[in-house]
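Participant: Sharing data_28.cif, mmCIF, C-alpha atoms:
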```
data_input
#
loop_
_atom_site.group_PDB
_atom_site.id
_atom_site.type_symbol
_atom_site.label_atom_id
_atom_site.label_comp_id
_atom_site.auth_asym_id
_atom_site.auth_seq_id
_atom_site.Cartn_x
_atom_site.Cartn_y
_atom_site.Cartn_z
ATOM 1 C CA MET A 175 -13.836 -19.422 9.585
ATOM 2 C CA LEU A 176 -13.165 -15.972 11.001
ATOM 3 C CA THR A 177 -13.250 -13.326 8.317
ATOM 4 C CA THR A 178 -12.790 -9.598 7.871
ATOM 5 C CA PRO A 179 -15.782 -8.051 6.097
ATOM 6 C CA GLU A 180 -13.821 -4.926 5.225
ATOM 7 C CA ARG A 181 -11.888 -6.788 2.484
ATOM 8 C CA ASN A 182 -14.533 -8.962 0.823
ATOM 9 C CA GLN A 183 -14.538 -11.692 3.467
ATOM 10 C CA GLU A 184 -10.756 -12.102 3.419
ATOM 11 C CA PRO A 185 -9.705 -14.678 6.049
ATOM 12 C CA VAL A 186 -8.159 -13.178 9.170
ATOM 13 C CA TRP A 187 -5.021 -15.256 8.817
ATOM 14 C CA LEU A 188 -4.377 -13.730 5.386
ATOM 15 C CA VAL A 189 -4.852 -10.237 6.778
ATOM 16 C CA ILE A 190 -2.372 -11.038 9.542
ATOM 17 C CA MET A 191 0.100 -12.265 6.903
ATOM 18 C CA ARG A 192 -0.215 -8.851 5.262
ATOM 19 C CA LEU A 193 0.238 -7.143 8.629
ATOM 20 C CA LEU A 194 3.475 -9.106 9.085
ATOM 21 C CA ARG A 195 4.449 -8.272 5.452
ATOM 22 C CA TRP A 196 5.028 -11.937 4.700
ATOM 23 C CA HIS A 197 3.488 -11.305 1.293
ATOM 24 C CA LYS A 198 6.526 -9.056 0.624
ATOM 25 C CA PRO A 199 9.469 -11.289 1.566
ATOM 26 C CA GLU A 200 12.171 -8.851 0.484
ATOM 27 C CA GLY A 201 11.649 -6.798 3.638
ATOM 28 C CA ARG A 202 12.162 -9.898 5.786
ATOM 29 C CA LEU A 203 15.161 -11.137 3.835
ATOM 30 C CA ILE A 204 17.006 -7.831 3.890
ATOM 31 C CA LEU A 205 17.200 -7.950 7.706
ATOM 32 C CA MET A 206 18.276 -11.578 7.617
ATOM 33 C CA ILE A 207 21.180 -10.847 5.262
ATOM 34 C CA PRO A 208 23.525 -8.902 7.610
ATOM 35 C CA ALA A 209 22.769 -11.409 10.384
ATOM 36 C CA LEU A 210 23.857 -14.229 8.055
ATOM 37 C CA TRP A 211 26.903 -12.218 6.936
ATOM 38 C CA ALA A 212 27.959 -11.992 10.579
ATOM 39 C CA VAL A 213 27.338 -15.585 11.616
ATOM 40 C CA PHE A 214 29.181 -17.044 8.604
ATOM 41 C CA LEU A 215 32.122 -14.639 8.768
ATOM 42 C CA ALA A 216 32.551 -15.062 12.531
ATOM 43 C CA ALA A 217 32.585 -18.844 12.090
ATOM 44 C CA ALA A 218 34.942 -18.787 9.078
ATOM 45 C CA GLY A 219 32.163 -20.064 6.827
ATOM 46 C CA GLN A 220 31.125 -22.989 9.035
ATOM 47 C CA PRO A 221 28.685 -21.896 11.765
ATOM 48 C CA PRO A 222 26.717 -24.528 13.699
ATOM 49 C CA LEU A 223 23.525 -25.272 11.785
ATOM 50 C CA PRO A 224 21.272 -24.939 14.874
ATOM 51 C CA LEU A 225 22.651 -21.421 15.407
ATOM 52 C CA VAL A 226 21.953 -20.533 11.768
ATOM 53 C CA GLY A 227 18.380 -21.750 12.275
ATOM 54 C CA VAL A 228 17.997 -19.601 15.384
ATOM 55 C CA ILE A 229 19.368 -16.563 13.527
ATOM 56 C CA VAL A 230 16.998 -17.088 10.584
ATOM 57 C CA LEU A 231 13.930 -17.586 12.781
ATOM 58 C CA GLY A 232 14.976 -14.753 15.071
ATOM 59 C CA THR A 233 15.261 -12.259 12.233
ATOM 60 C CA LEU A 234 11.866 -13.359 10.888
ATOM 61 C CA ALA A 235 10.234 -12.900 14.295
ATOM 62 C CA THR A 236 11.985 -9.586 14.944
ATOM 63 C CA SER A 237 11.173 -8.090 11.561
ATOM 64 C CA ALA A 238 7.567 -9.247 11.930
ATOM 65 C CA ALA A 239 7.325 -7.505 15.295
ATOM 66 C CA GLY A 240 8.926 -4.397 13.817
ATOM 67 C CA CYS A 241 6.358 -4.256 11.023
ATOM 68 C CA VAL A 242 3.441 -4.485 13.426
ATOM 69 C CA VAL A 243 4.908 -1.906 15.817
ATOM 70 C CA ASN A 244 5.478 0.422 12.858
ATOM 71 C CA ASP A 245 1.868 0.038 11.737
ATOM 72 C CA LEU A 246 0.568 0.640 15.264
ATOM 73 C CA TRP A 247 2.511 3.898 15.413
ATOM 74 C CA ASP A 248 1.360 4.903 11.918
ATOM 75 C CA LYS A 249 -2.265 3.734 11.955
ATOM 76 C CA ASP A 250 -3.489 7.322 11.502
ATOM 77 C CA ILE A 251 -0.719 8.351 9.095
ATOM 78 C CA ASP A 252 -0.691 5.398 6.708
ATOM 79 C CA PRO A 253 -4.171 6.207 5.299
ATOM 80 C CA GLU A 254 -2.690 9.498 4.037
ATOM 81 C CA VAL A 255 0.093 7.805 2.057
ATOM 82 C CA GLU A 256 -0.709 6.114 -1.242
ATOM 83 C CA ARG A 257 1.746 3.236 -0.715
ATOM 84 C CA THR A 258 0.498 2.374 2.781
ATOM 85 C CA ARG A 259 -3.209 3.198 2.858
ATOM 86 C CA ASP A 260 -4.255 -0.443 2.384
ATOM 87 C CA ARG A 261 -2.244 -1.806 5.303
ATOM 88 C CA PRO A 262 -4.505 -3.792 7.659
ATOM 89 C CA LEU A 263 -4.413 -1.363 10.586
ATOM 90 C CA ALA A 264 -4.650 1.707 8.358
ATOM 91 C CA SER A 265 -7.648 0.314 6.472
ATOM 92 C CA ARG A 266 -9.160 -1.010 9.724
ATOM 93 C CA ALA A 267 -9.182 -4.537 8.323
ATOM 94 C CA LEU A 268 -7.738 -5.480 11.724
ATOM 95 C CA SER A 269 -8.363 -3.851 15.092
ATOM 96 C CA ILE A 270 -5.664 -2.201 17.169
ATOM 97 C CA LYS A 271 -6.180 -4.880 19.823
ATOM 98 C CA VAL A 272 -5.364 -7.627 17.317
ATOM 99 C CA GLY A 273 -2.297 -5.692 16.178
ATOM 100 C CA ILE A 274 -1.008 -5.424 19.752
ATOM 101 C CA VAL A 275 -1.550 -9.152 20.335
ATOM 102 C CA VAL A 276 0.303 -10.061 17.123
ATOM 103 C CA ALA A 277 3.216 -7.774 18.089
ATOM 104 C CA ILE A 278 3.450 -9.362 21.540
ATOM 105 C CA VAL A 279 3.422 -12.875 20.067
ATOM 106 C CA ALA A 280 6.168 -11.988 17.557
ATOM 107 C CA LEU A 281 8.326 -10.417 20.276
ATOM 108 C CA ALA A 282 7.733 -13.434 22.523
ATOM 109 C CA CYS A 283 8.917 -15.761 19.736
ATOM 110 C CA ALA A 284 12.056 -13.667 19.301
ATOM 111 C CA ALA A 285 12.638 -13.702 23.074
ATOM 112 C CA ILE A 286 12.354 -17.495 23.264
ATOM 113 C CA LEU A 287 14.919 -17.855 20.486
ATOM 114 C CA ALA A 288 17.239 -15.369 22.225
ATOM 115 C CA PHE A 289 17.518 -17.721 25.209
ATOM 116 C CA TYR A 290 19.463 -20.092 22.945
ATOM 117 C CA LEU A 291 22.227 -17.465 22.636
ATOM 118 C CA ASN A 292 25.157 -16.787 24.953
ATOM 119 C CA PRO A 293 24.769 -14.015 27.585
ATOM 120 C CA LEU A 294 26.428 -11.275 25.484
ATOM 121 C CA SER A 295 24.237 -11.995 22.452
ATOM 122 C CA PHE A 296 21.161 -12.274 24.656
ATOM 123 C CA TRP A 297 21.678 -8.851 26.219
ATOM 124 C CA LEU A 298 22.438 -7.324 22.837
ATOM 125 C CA SER A 299 19.067 -8.724 21.736
ATOM 126 C CA VAL A 300 17.442 -7.037 24.732
ATOM 127 C CA ALA A 301 19.211 -3.753 23.906
ATOM 128 C CA ALA A 302 17.839 -3.884 20.357
ATOM 129 C CA VAL A 303 14.207 -3.961 21.503
ATOM 130 C CA PRO A 304 13.892 -0.249 22.464
ATOM 131 C CA VAL A 305 15.394 0.753 19.102
ATOM 132 C CA ILE A 306 12.864 -1.431 17.274
ATOM 133 C CA LEU A 307 9.956 -0.082 19.331
ATOM 134 C CA LEU A 308 10.969 3.577 19.054
ATOM 135 C CA TYR A 309 12.081 3.688 15.402
ATOM 136 C CA PRO A 310 8.587 4.448 14.033
ATOM 137 C CA GLY A 311 8.339 7.435 16.372
ATOM 138 C CA ALA A 312 11.693 8.786 15.195
ATOM 139 C CA LYS A 313 10.185 10.034 11.935
ATOM 140 C CA ARG A 314 8.122 12.491 13.983
ATOM 141 C CA VAL A 315 11.029 14.091 15.853
ATOM 142 C CA PHE A 316 14.338 13.141 14.188
ATOM 143 C CA PRO A 317 15.353 14.541 10.782
ATOM 144 C CA VAL A 318 17.010 11.296 9.579
ATOM 145 C CA PRO A 319 14.893 8.439 10.995
ATOM 146 C CA GLN A 320 16.542 6.010 8.583
ATOM 147 C CA LEU A 321 19.637 6.281 10.783
ATOM 148 C CA VAL A 322 17.648 4.813 13.683
ATOM 149 C CA LEU A 323 16.538 1.959 11.425
ATOM 150 C CA SER A 324 20.148 1.435 10.358
ATOM 151 C CA ILE A 325 21.250 1.118 13.975
ATOM 152 C CA ALA A 326 18.489 -1.440 14.502
ATOM 153 C CA TRP A 327 19.819 -3.369 11.482
ATOM 154 C CA GLY A 328 23.326 -3.116 12.961
ATOM 155 C CA PHE A 329 22.213 -5.052 16.026
ATOM 156 C CA ALA A 330 21.716 -8.064 13.731
ATOM 157 C CA VAL A 331 25.471 -8.030 13.109
ATOM 158 C CA LEU A 332 26.462 -7.583 16.756
ATOM 159 C CA ILE A 333 24.089 -10.299 17.974
ATOM 160 C CA SER A 334 25.002 -12.843 15.307
ATOM 161 C CA TRP A 335 28.766 -12.292 15.419
ATOM 162 C CA SER A 336 28.919 -12.489 19.209
ATOM 163 C CA ALA A 337 26.713 -15.597 19.126
ATOM 164 C CA VAL A 338 29.672 -17.370 17.500
ATOM 165 C CA THR A 339 32.682 -15.731 19.169
ATOM 166 C CA GLN A 340 31.189 -14.533 22.490
ATOM 167 C CA ASN A 341 32.926 -11.195 21.927
ATOM 168 C CA ILE A 342 32.925 -8.167 19.647
ATOM 169 C CA SER A 343 36.160 -7.318 17.830
ATOM 170 C CA GLN A 344 37.370 -4.913 15.157
ATOM 171 C CA PRO A 345 36.034 -7.027 12.258
ATOM 172 C CA THR A 346 32.619 -7.005 13.959
ATOM 173 C CA TRP A 347 32.574 -3.219 13.946
ATOM 174 C CA LEU A 348 33.708 -3.077 10.324
ATOM 175 C CA LEU A 349 30.760 -5.263 9.327
ATOM 176 C CA TRP A 350 28.485 -3.235 11.615
ATOM 177 C CA GLY A 351 29.552 0.005 9.922
ATOM 178 C CA ALA A 352 29.083 -1.504 6.463
ATOM 179 C CA THR A 353 25.598 -2.678 7.441
ATOM 180 C CA VAL A 354 24.604 0.720 8.848
ATOM 181 C CA LEU A 355 25.769 2.520 5.686
ATOM 182 C CA TRP A 356 24.164 -0.050 3.375
ATOM 183 C CA THR A 357 20.872 0.273 5.259
ATOM 184 C CA LEU A 358 21.037 4.072 5.091
ATOM 185 C CA GLY A 359 21.549 3.737 1.352
ATOM 186 C CA PHE A 360 18.772 1.323 0.453
ATOM 187 C CA ASP A 361 16.254 2.791 2.905
ATOM 188 C CA THR A 362 16.866 6.315 1.611
ATOM 189 C CA VAL A 363 16.177 4.933 -1.858
ATOM 190 C CA TYR A 364 12.933 3.452 -0.515
ATOM 191 C CA ALA A 365 12.001 6.725 1.206
ATOM 192 C CA MET A 366 12.299 8.651 -2.054
ATOM 193 C CA SER A 367 9.058 7.101 -3.293
ATOM 194 C CA ASP A 368 7.169 8.592 -0.316
ATOM 195 C CA LYS A 369 8.809 11.993 -0.062
ATOM 196 C CA GLU A 370 5.894 14.028 -1.430
ATOM 197 C CA ASP A 371 3.414 12.328 0.903
ATOM 198 C CA ASP A 372 5.849 12.666 3.813
ATOM 199 C CA ARG A 373 6.330 16.375 3.126
ATOM 200 C CA ARG A 374 2.576 16.925 2.938
ATOM 201 C CA ILE A 375 1.809 15.271 6.272
ATOM 202 C CA GLY A 376 4.900 16.534 8.088
ATOM 203 C CA ILE A 377 6.889 13.309 8.498
ATOM 204 C CA ASN A 378 10.696 13.294 8.434
ATOM 205 C CA SER A 379 12.801 11.085 6.181
ATOM 206 C CA SER A 380 16.355 10.985 4.906
ATOM 207 C CA ALA A 381 15.023 11.591 1.387
ATOM 208 C CA LEU A 382 13.557 14.909 2.544
ATOM 209 C CA PHE A 383 16.556 15.761 4.717
ATOM 210 C CA PHE A 384 19.036 15.410 1.851
ATOM 211 C CA GLY A 385 16.608 16.843 -0.713
ATOM 212 C CA LYS A 386 18.154 17.248 -4.151
ATOM 213 C CA TYR A 387 21.396 15.797 -2.781
ATOM 214 C CA ALA A 388 19.731 12.494 -1.830
ATOM 215 C CA PRO A 389 21.251 10.569 -4.788
ATOM 216 C CA THR A 390 24.708 11.884 -3.817
ATOM 217 C CA ALA A 391 24.153 10.851 -0.188
ATOM 218 C CA ILE A 392 23.051 7.377 -1.299
ATOM 219 C CA GLY A 393 26.142 7.093 -3.490
ATOM 220 C CA ILE A 394 28.346 8.029 -0.519
ATOM 221 C CA PHE A 395 26.589 5.484 1.708
ATOM 222 C CA PHE A 396 27.112 2.710 -0.836
ATOM 223 C CA ALA A 397 30.750 3.763 -1.410
ATOM 224 C CA GLY A 398 31.340 3.642 2.337
ATOM 225 C CA THR A 399 29.802 0.175 2.421
ATOM 226 C CA VAL A 400 32.238 -1.016 -0.240
ATOM 227 C CA LEU A 401 35.246 0.482 1.560
ATOM 228 C CA LEU A 402 34.331 -1.057 4.918
ATOM 229 C CA LEU A 403 33.629 -4.463 3.370
ATOM 230 C CA ALA A 404 36.965 -4.311 1.562
ATOM 231 C CA TRP A 405 38.704 -3.406 4.831
ATOM 232 C CA LEU A 406 36.930 -6.319 6.510
ATOM 233 C CA GLY A 407 37.883 -8.728 3.735
ATOM 234 C CA ALA A 408 41.527 -7.757 4.045
ATOM 235 C CA ALA A 409 41.441 -7.894 7.858
ATOM 236 C CA ILE A 410 40.150 -11.475 8.017
ATOM 237 C CA ASN A 411 41.915 -12.693 4.857
ATOM 238 C CA LEU A 412 38.888 -13.521 2.726
ATOM 239 C CA HIS A 413 39.754 -15.164 -0.573
ATOM 240 C CA LEU A 414 39.005 -14.508 -4.245
ATOM 241 C CA ALA A 415 35.294 -15.388 -4.195
ATOM 242 C CA PHE A 416 34.600 -12.577 -1.740
ATOM 243 C CA TRP A 417 36.397 -10.001 -3.866
ATOM 244 C CA ILE A 418 34.466 -11.105 -6.946
ATOM 245 C CA SER A 419 31.172 -10.729 -5.061
ATOM 246 C CA LEU A 420 32.232 -7.302 -3.768
ATOM 247 C CA ALA A 421 33.107 -6.228 -7.315
ATOM 248 C CA LEU A 422 29.659 -7.358 -8.532
ATOM 249 C CA ALA A 423 27.964 -5.511 -5.664
ATOM 250 C CA THR A 424 29.963 -2.377 -6.441
ATOM 251 C CA ILE A 425 28.893 -2.490 -10.083
ATOM 252 C CA ALA A 426 25.256 -2.884 -9.010
ATOM 253 C CA TRP A 427 25.447 0.064 -6.611
ATOM 254 C CA VAL A 428 27.143 2.258 -9.224
ATOM 255 C CA TRP A 429 24.347 1.376 -11.639
ATOM 256 C CA GLN A 430 21.740 2.262 -9.014
ATOM 257 C CA TYR A 431 23.435 5.607 -8.391
ATOM 258 C CA TRP A 432 23.468 6.282 -12.128
ATOM 259 C CA ARG A 433 19.711 5.596 -12.262
ATOM 260 C CA LEU A 434 19.046 7.857 -9.275
ATOM 261 C CA ILE A 435 20.659 10.861 -10.931
ATOM 262 C CA GLN A 436 18.431 10.512 -13.990
ATOM 263 C CA PRO A 437 15.607 13.091 -14.188
ATOM 264 C CA HIS A 438 11.953 12.089 -13.781
ATOM 265 C CA LEU A 439 12.583 8.642 -12.341
ATOM 266 C CA PRO A 440 9.215 6.884 -11.780
ATOM 267 C CA ASN A 441 8.293 5.963 -8.219
ATOM 268 C CA ALA A 442 8.214 2.255 -9.086
ATOM 269 C CA ALA A 443 11.959 2.406 -9.758
ATOM 270 C CA TYR A 444 12.734 3.077 -6.092
ATOM 271 C CA ALA A 445 10.965 -0.074 -4.899
ATOM 272 C CA GLN A 446 12.696 -2.007 -7.675
ATOM 273 C CA MET A 447 16.117 -0.812 -6.500
ATOM 274 C CA PHE A 448 15.225 -1.714 -2.917
ATOM 275 C CA ARG A 449 14.428 -5.283 -4.025
ATOM 276 C CA GLN A 450 17.680 -5.428 -5.989
ATOM 277 C CA ASN A 451 19.572 -4.819 -2.768
ATOM 278 C CA VAL A 452 18.249 -8.144 -1.467
ATOM 279 C CA TRP A 453 19.983 -9.925 -4.329
ATOM 280 C CA ILE A 454 23.114 -7.827 -3.847
ATOM 281 C CA GLY A 455 23.154 -8.889 -0.209
ATOM 282 C CA PHE A 456 22.854 -12.565 -1.089
ATOM 283 C CA ILE A 457 25.615 -12.280 -3.701
ATOM 284 C CA LEU A 458 27.860 -10.856 -0.994
ATOM 285 C CA LEU A 459 26.804 -13.627 1.400
ATOM 286 C CA ALA A 460 27.770 -16.272 -1.150
ATOM 287 C CA GLY A 461 31.121 -14.561 -1.657
ATOM 288 C CA MET A 462 31.714 -14.351 2.094
ATOM 289 C CA ILE A 463 30.992 -18.059 2.562
ATOM 290 C CA ALA A 464 33.075 -19.209 -0.400
ATOM 291 C CA GLY A 465 35.824 -16.728 0.401
ATOM 292 C CA SER A 466 36.178 -18.045 3.952
ATOM 293 C CA PHE A 467 37.708 -21.361 2.847
#
```
Starting from the file, give its structure as structure tokens.

Facilitator:
Amino acid sequence: MLTTPERNQEPVWLVIMRLLRWHKPEGRLILMIPALWAVFLAAAGQPPLPLVGVIVLGTLATSAAGCVVNDLWDKDIDPEVERTRDRPLASRALSIKVGIVVAIVALACAAILAFYLNPLSFWLSVAAVPVILLYPGAKRVFPVPQLVLSIAWGFAVLISWSAVTQNISQPTWLLWGATVLWTLGFDTVYAMSDKEDDRRIGINSSALFFGKYAPTAIGIFFAGTVLLLAWLGAAINLHLAFWISLALATIAWVWQYWRLIQPHLPNAAYAQMFRQNVWIGFILLAGMIAGSF
């Protein structure tokens, strides 16, 4: 069996799993969530099952490609950051050539799935690719790179909604805006754990941009998410289950904001709050499905 001597004879396939971050499923699920929000809401809770399968597999392939592209961009930066120094390309457990091949395969899988979609959704998928490829470079030149990531996440809504309706309407944009703000919120939380390393090596992040006001900014992003989701729920006449799920999500986000304003919060708390947003997203998904009937 092929092995990588750099990590005690770890099999190559396991190293590739780490490169794709499939050992950390929360990062894959959190991209899938807004795509599932969109496909279920656009179809009034009853999307075609084959389309749901394409959306799920497409988000997995796209997020996998995004992880590899990010690591290719950051192969010389990640060794300087405590959280990322053991990533396969940073630690040289995998070669750059292997990383490029894995990225191409993941993008090819996403492209094959995109051919199942209608023309509008297909071309939206194509439009998302440059954002995915360029996001890792944004942290070098743009003061709030998390906004670029949020726009990439927003494409999941546009693609999935239009895959059902073959158009983009006001409710689509409400969900898009909620997704962008939610992503800005949870990814700024995530960036707070790296802010000292990022400052030292000269990398931009929303956590550094907002500085001591980062918890306030996150609170505003989450509040905006709630307002847009409430507007959406009213616009498409979602029922009680949705409003219960939105109330639960609001309570969770208020609690996260309260934690963020506490002094001397340990770094592990930021990753914990990021993972909690996966569960918040699924609670909202359940409310959207049940509230559609």

Participant: Of the residues A:Ile435, A:Leu459, A:Val322, A:Val452, which is the one nearest to Trp417 of chain A, using all atoms listed in the file?

Facilitator: A:Leu459

Participant: Please determine, counting all atoms listed in the file, which residue among A:Leu234, A:Leu349, A:Leu268, A:Val226 has the shortest atom-to-atom distance to Leu193 of chain A.

Facilitator: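 Checking each candidate against Leu193 of chain A, we get A:Leu268 as the closest.
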
Participant: Run the PyMOL selection byres ((chain A and resi 394) around 12) mentally over the shown coordinates, then write out the matched residues as a ChimeraX atom specification, using the chain letters and numbers from the document.

Facilitator: /A:352,355-356,358-360,362,387-393,395-401,427-428,431

Participant: Please provide as a list in words all residues within 8 Å of Ile270 of chain A, with the sequence filter that same-chain residues fewer than 4 positions apart are discarded (counting only C-alpha atoms).

Facilitator: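 Close residues of Ile270 of chain A: Leu246, Leu263 and Ile274 of chain A.
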
Participant: Have a look at A:Pro437, A:Pro310, A:Pro317, A:Gly227 and name the one nearest to Leu382 of chain A; count all atoms listed in the file.

Facilitator: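 Under the stated criterion, the closest residue is A:Pro317.
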
Participant: Let me make sure I understand: among A:Lys249, A:Arg195, A:Arg374, A:Arg257, which one has the smallest atom-to-atom distance to Ser237 of chain A if we use all atoms listed in the file?

Facilitator: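 Of the candidates, the smallest distance to Ser237 of chain A is held by A:Arg195.
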
Participant: Please report, as a Markdown table, each residue of segment 241-264 of chain A lying at most 12 Å from segment 278-299 of chain A, together with the nearest pair of atoms and the separation in Å rounded to one decimal; use only C-alpha atoms, and order rows by chain and ascending residue number.

Facilitator:
```
| residue | atom | partner | partner_atom | distance |
| --- | --- | --- | --- | --- |
| A:Cys241 | CA | A:Ala280 | CA | 10.1 |
| A:Val242 | CA | A:Ala280 | CA | 9.0 |
| A:Val243 | CA | A:Ile278 | CA | 9.5 |
```

Participant: Grab the atom CA of Leu420 of chain A to atom CA of Ile325 of chain A distance for me, in Å with one decimal place.

Facilitator: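 Between atom CA of Leu420 of chain A and atom CA of Ile325 of chain A the gap works out to 22.5 Å.
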
Participant: Given the file shown, enumerate the residues that the PyMOL selection byres ((chain A and resi 414) around 10) captures and present them as number ranges by chain.

Facilitator: A: 407, 411-413, 415-420, 461-462, 464-467

Participant: Please expand the PyMOL selection byres ((chain A and resi 197-208) around 7) into the concrete residues it hits in this file, giving the result as an mmCIF file with C-alpha atoms, in the frame of the given file.

Facilitator:
```
data_model
loop_
_atom_site.group_PDB
_atom_site.id
_atom_site.type_symbol
_atom_site.label_atom_id
_atom_site.label_comp_id
_atom_site.auth_asym_id
_atom_site.auth_seq_id
_atom_site.Cartn_x
_atom_site.Cartn_y
_atom_site.Cartn_z
ATOM 1 C CA MET A 191 0.100 -12.265 6.903
ATOM 2 C CA ARG A 192 -0.215 -8.851 5.262
ATOM 3 C CA ARG A 195 4.449 -8.272 5.452
ATOM 4 C CA TRP A 196 5.028 -11.937 4.700
ATOM 5 C CA ALA A 209 22.769 -11.409 10.384
ATOM 6 C CA LEU A 210 23.857 -14.229 8.055
ATOM 7 C CA TRP A 211 26.903 -12.218 6.936
ATOM 8 C CA ALA A 212 27.959 -11.992 10.579
ATOM 9 C CA VAL A 230 16.998 -17.088 10.584
ATOM 10 C CA THR A 233 15.261 -12.259 12.233
ATOM 11 C CA LEU A 234 11.866 -13.359 10.888
ATOM 12 C CA SER A 237 11.173 -8.090 11.561
ATOM 13 C CA TRP A 327 19.819 -3.369 11.482
ATOM 14 C CA ALA A 330 21.716 -8.064 13.731
ATOM 15 C CA VAL A 331 25.471 -8.030 13.109
ATOM 16 C CA THR A 353 25.598 -2.678 7.441
ATOM 17 C CA ARG A 449 14.428 -5.283 -4.025
ATOM 18 C CA VAL A 452 18.249 -8.144 -1.467
ATOM 19 C CA GLY A 455 23.154 -8.889 -0.209
ATOM 20 C CA PHE A 456 22.854 -12.565 -1.089
#
```

Participant: In Å, how far is it from atom CA of Leu194 of chain A to atom CA of Ala238 of chain A?

Facilitator: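 Here the two named atoms are 5.0 Å from each other.
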
Participant: Would you compute the distance between atom CA of Gln344 of chain A and atom CA of Phe214 of chain A? Give it in Å to one decimal.

Facilitator: 16.0 Å

Participant: Which of these residues is nearest to Phe383 of chain A, using only C-alpha atoms: A:Leu225, A:Val213, A:Ile425, A:Val318?

Facilitator: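 Among the listed residues, the smallest separation from Phe383 of chain A belongs to A:Val318.
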
Participant: Within 8 Å of Val363 of chain A, counting only C-alpha atoms, which residues show up once you throw out same-chain ones fewer than 3 positions away? Write them as a list of chain:residue names, please.

Facilitator: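 My list of contacting residues is A:Gly359, A:Phe360, A:Met366, A:Ser367, A:Ala381, A:Ile392, A:Tyr444, A:Ala445, A:Met447, A:Phe448.
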
Participant: Name the closest residue to Trp405 of chain A among the candidates A:Gly311, A:Pro304, A:Pro345, A:Gly219; distances are taken between atoms, counting all atoms listed in the file.

Facilitator: A:Pro345

Participant: Do you know which residues are at most 6 Å from Lys313 of chain A counting only C-alpha atoms, after dropping those on the same chain fewer than 4 positions away, and could you put them as a VMD selection string?

Facilitator: chain A and resid 319 377 to 378
